[in-house]
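**Student:** There's a structure below that I have some questions on.
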Amino acid sequence: MSKLRITRQYLRWRSGIALSIVLAAAITAMWVAFIGRDTVATRNQNTASMDTLLLSLSEMSMAFQELRMSPASQRGKNSKAHVRRASHAAVEAAQRISLERTLKTFSPEGQSILRRDAMNPLLELEDVLFLAEVAVDPRQNMTDVARAAGMAGDLAMRLLPIFNRIKQAELAAAQEAADTQVTYGIFALVITLLGVGLAARFVHLPMERYVIRAQNEIERNQRKAEAASEAKSMFLATMSHEIRTPLNGVLGLADVLKETQLGTDQKRMVTMIQSSGQALLQLINDVLDLAKIEAGKIDLKYEGFDVQALCQETAELFSGQAAQKGVTLTVHTAPSEAGWFVHSAPQALRQVLANLVGNAVKFTEQGAIELHLEDVAPSHGEERRLRIAVTDDGIGIEPGALERIFGQFEQADSSNTTQFGGTGLGLSIVRRMSEALGGHVRVESSLGEGSEFILELPVGIAQRDVVATPQREVVHFGKRVLVADDNRVNQVVARKILENLGCEVSFAGNGLEAVDRAANWNPDLILMDVRMPMMDGLQATRAIRADTRHAAASVPIVGLSANALAEHREEAAEAGMSGYVEKPVTRLALKTELLRHWPATAQQQENGTWA
């Protein structure tokens, strides 16, 4: 791409060349056109002057004939008037022609006639005009008038062919100038076309090639980026599955082990195992959430909920950790006429608040943490907005790090990673998730004096639904459950949990075994791991659904997978799965899925985790 880089200086240089070429061509064409136009105009003016002289001499000749024959008659008097008028026009034409700059514009033949020494037509024209003044002078007697008119008439008749010759020479020169003008016009057109051709050849076409090559390079890079993004998503999904698979066993066995007879130290160690596993699971979830946000695949489920209760639940979630530090964690809610039952995406908001409150607890060693909920005064016509602020008395943030902390894998101080732990993903997710909700988050902090993270987001109006209190349900299902999973640890955990729920359990280690076992064992429900050797869970589900000879074709098939993206759920549904549960599977989530298929068997709820 470096070879194709087009700088502003390069664009200006190329554009300057193009404009210079076109401008030079236009100026040259205009200059050529003006020259031809001036030449034609000059020839036309000279021809007009000759026409005036010829007309004046002709009129005076006829008038002189009348005066010579009968100067005292009425016709003679009229002739004098004609002489005066014609001589006046002749004087003006002669004055124009006599100018040196005008003489230079005549054709060579015309100049030779007008500049000759003997019988100069301009000098003889002056004699004609002098005799005309004598002939029309009322003080002259009739004899002198007749004599002057006769002499003037003879001179005029002699000048007529001379000036006519000059006129013909100017007409020929004018025609030649017109022909030259056409040539000049063609020449100007050629120059303009040449200028355009040069601009196109050396500027437009190279620029076009550069732009097309650059665009192709951008498209190739975009395809590479999309392929890299797809590969990253695939990598994250694969790594998520591979990491969650052993984590399933760790958390599941820890949960089963915790229900056995253990000593105090043993219970404490099992609790630590569970806590560490949950921390690792949270890290995996953060990475996946960030990948989903970047890919634009975040799934926001909007519904009505009590935002005040959500804030209280979030605070209670971290109240134990805060109490261990001696830090008070409280929720303050401002009065609201509209109430706190709103329409938004509660799960996304819960995740944002959990990150903010979790950070506040992590970085506060003493003092208090407060969560404030209030309405923002809306402008005219705006929808309702909430402001949720998390204030702490923690270590604070230096001014230079206030914006940096919202970046990926960023913390205000790198030493915090050693002292407090964490990856720096939480606040990046907070900002991205807040923007996805249509809001924004900002921070106000002073180093050593605590911080305040302020979230503002729009919410809709929701009507509170009256929900009946669910009945407590038994945990004994008495069903046959086929578990298809290639991981031995997961099989052990599944057996323990399902047998505790009163189920008879059978296993298949791959998709082929699952298809065969489903046809021969007649299970009531199949828990199908999506990723297995030989035949994956999706293929096995399609095979079971396709074989209508067996009752298994219609039994519920619940997919189990660490792949948490929305497209994975869609693929499972398209393959024929009746449900989809993400790993690690909590005991409550699994039991909820079983109750969804067998609601009549339930009388009691319990909590726990199956990994």
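Every chain in the structure tokens has a letter given in the order shown (A, B, ...), and although residue numbers restart at 1 in each chain, ligands are simply numbered from 1 in the order shown.
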When you look at stretch 138-152 of chain A with a cut-off of 8 Å (counting only C-alpha atoms), what residues show up, excluding the ones that are within fewer than 3 positions of it in the same chain? I need them as a list in words.

**Tutor:**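 Within the cut-off, the hits are Ser61, Phe64, Gln65, Leu67, Arg68, Met69, Ser70, Pro71, Ala72, Asp127, Val128, Leu129, Leu131, Ala132, Val134, Ala135, Leu155 and Ala156 of chain A.
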
**Student:** Keeping only N, CA and C atoms, write the selected residues to a file as a CSV table (one decimal), in the first residue's frame.

**Tutor:**
```
chain,number,residue,atom,x,y,z
A,61,SER,N,-21.0,63.3,-58.2
A,61,SER,CA,-20.8,63.3,-59.7
A,61,SER,C,-22.2,63.7,-60.4
A,64,PHE,N,-23.0,67.3,-59.6
A,64,PHE,CA,-22.1,68.2,-60.3
A,64,PHE,C,-22.6,68.3,-61.8
A,65,GLN,N,-23.1,67.3,-62.4
A,65,GLN,CA,-23.6,67.3,-63.7
A,65,GLN,C,-24.8,68.3,-63.8
A,67,LEU,N,-25.4,70.8,-61.7
A,67,LEU,CA,-25.0,72.2,-61.5
A,67,LEU,C,-24.3,72.7,-62.7
A,68,ARG,N,-23.5,71.9,-63.4
A,68,ARG,CA,-22.8,72.4,-64.6
A,68,ARG,C,-23.8,72.8,-65.7
A,69,MET,N,-24.9,72.1,-65.8
A,69,MET,CA,-25.8,72.3,-66.9
A,69,MET,C,-26.8,73.5,-66.5
A,70,SER,N,-27.3,73.6,-65.3
A,70,SER,CA,-28.3,74.6,-64.9
A,70,SER,C,-28.1,75.0,-63.5
A,71,PRO,N,-27.0,75.8,-63.2
A,71,PRO,CA,-26.7,76.1,-61.8
A,71,PRO,C,-27.8,77.0,-61.1
A,72,ALA,N,-28.5,77.8,-62.0
A,72,ALA,CA,-29.5,78.7,-61.4
A,72,ALA,C,-30.9,78.1,-61.2
A,127,ASP,N,-9.1,67.8,-53.6
A,127,ASP,CA,-9.5,68.8,-54.6
A,127,ASP,C,-10.9,68.7,-54.9
A,128,VAL,N,-11.5,67.5,-55.0
A,128,VAL,CA,-12.9,67.4,-55.3
A,128,VAL,C,-13.7,68.1,-54.2
A,129,LEU,N,-13.3,67.9,-53.0
A,129,LEU,CA,-14.0,68.5,-51.8
A,129,LEU,C,-13.9,70.0,-51.8
A,131,LEU,N,-13.5,71.9,-54.6
A,131,LEU,CA,-14.3,72.4,-55.7
A,131,LEU,C,-15.8,72.3,-55.3
A,132,ALA,N,-16.1,71.3,-54.5
A,132,ALA,CA,-17.5,71.2,-54.1
A,132,ALA,C,-17.9,72.3,-53.2
A,134,VAL,N,-16.7,75.3,-53.5
A,134,VAL,CA,-16.9,76.5,-54.4
A,134,VAL,C,-18.2,76.4,-55.1
A,135,ALA,N,-18.6,75.2,-55.5
A,135,ALA,CA,-19.8,75.0,-56.3
A,135,ALA,C,-21.0,75.3,-55.4
A,155,LEU,N,-13.1,65.1,-61.9
A,155,LEU,CA,-12.2,64.4,-60.9
A,155,LEU,C,-12.9,63.3,-60.2
A,156,ALA,N,-14.2,63.5,-59.8
A,156,ALA,CA,-14.9,62.4,-59.1
A,156,ALA,C,-15.1,61.2,-60.0
```

**Student:** Applying 8 Å and only C-alpha atoms, which residues near A:Leu457 remain after dropping the ones on its own chain fewer than 2 positions away? List them as a count of residues only.

**Tutor:** 10

**Student:** Excluding stretch 497-499 of chain A and any residue of its chain fewer than 2 positions from it, enumerate the residues within 9 Å of it, using only C-alpha atoms, and give them as a ChimeraX atom specification.

**Tutor:** /A:252,256,476,481,492-495,501-505,587,609-610

**Student:** Include C-alpha atoms and write out the residues we just selected as a CSV table (one decimal), in the first residue's frame.

**Tutor:**
```csv
chain,number,residue,atom,x,y,z
A,252,GLY,CA,-18.8,-29.3,38.6
A,256,VAL,CA,-20.4,-32.2,44.0
A,476,HIS,CA,-37.1,-36.0,41.4
A,481,VAL,CA,-31.6,-38.9,30.1
A,492,VAL,CA,-18.9,-38.0,36.0
A,493,VAL,CA,-20.4,-34.6,36.9
A,494,ALA,CA,-23.5,-35.2,34.8
A,495,ARG,CA,-24.1,-38.5,36.4
A,501,LEU,CA,-32.5,-35.1,40.3
A,502,GLY,CA,-33.9,-38.6,40.1
A,503,CYS,CA,-32.9,-39.4,36.5
A,504,GLU,CA,-31.6,-42.6,35.0
A,505,VAL,CA,-28.5,-41.7,33.0
A,587,ARG,CA,-27.7,-26.6,38.4
A,609,THR,CA,-23.9,-25.7,39.7
A,610,TRP,CA,-23.2,-28.4,37.1
```

**Student:** Among stretch 324-550 of chain A, which residues does DSSP mark as alpha helix (DSSP H) when it is run on the backbone? Keep the chain and numbering as in the structure and answer as number ranges by chain.

**Tutor:** A: 324-325, 346-362, 415-420, 426-436, 488-500, 511-521, 537-546

**Student:** Quick one: everything within 12 Å of A:Ala573, counting only C-alpha atoms, minus sequence neighbours fewer than 6 positions away in the same chain. Send it as a CSV table (one decimal) with C-alpha atoms, in the first residue's frame.

**Tutor:**
```
chain,number,residue,atom,x,y,z
A,530,VAL,CA,-22.2,-29.7,20.3
A,537,GLY,CA,-23.7,-32.8,18.1
A,538,LEU,CA,-25.4,-31.0,15.3
A,541,THR,CA,-29.2,-34.3,16.1
A,542,ARG,CA,-30.0,-34.2,12.4
A,556,PRO,CA,-36.3,-33.2,23.4
A,557,ILE,CA,-32.6,-32.7,22.5
A,558,VAL,CA,-30.9,-30.0,24.5
A,559,GLY,CA,-27.6,-28.7,23.1
A,566,ALA,CA,-26.1,-16.0,18.9
A,567,GLU,CA,-25.3,-17.7,15.6
A,579,GLY,CA,-33.0,-26.1,23.7
A,580,TYR,CA,-29.5,-24.7,24.2
```

**Student:** Please measure the separation of atom CA of A:Phe305 and atom CA of A:Gln347, giving the value in Å to one decimal.

**Tutor:** 10.2 Å

**Student:** Name all residues at most 9 Å from A:Ser319 (count only C-alpha atoms; drop same-chain ones fewer than 5 positions away) and give them as a ChimeraX atom specification.

**Tutor:** /A:314,324,327-330,361

**Student:** Can you tell me which residues surround A:Gly367 at a distance of at most 8 Å, considering only C-alpha atoms, apart from same-chain residues fewer than 2 positions away, and format the answer as a list of chain:residue names?

**Tutor:**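 Final neighbour list, sorted by chain and number: A:Gly326, A:Val327, A:Thr328, A:Thr364, A:Glu365, A:Ile369, A:Asp392, A:Asp393, A:Gly394.
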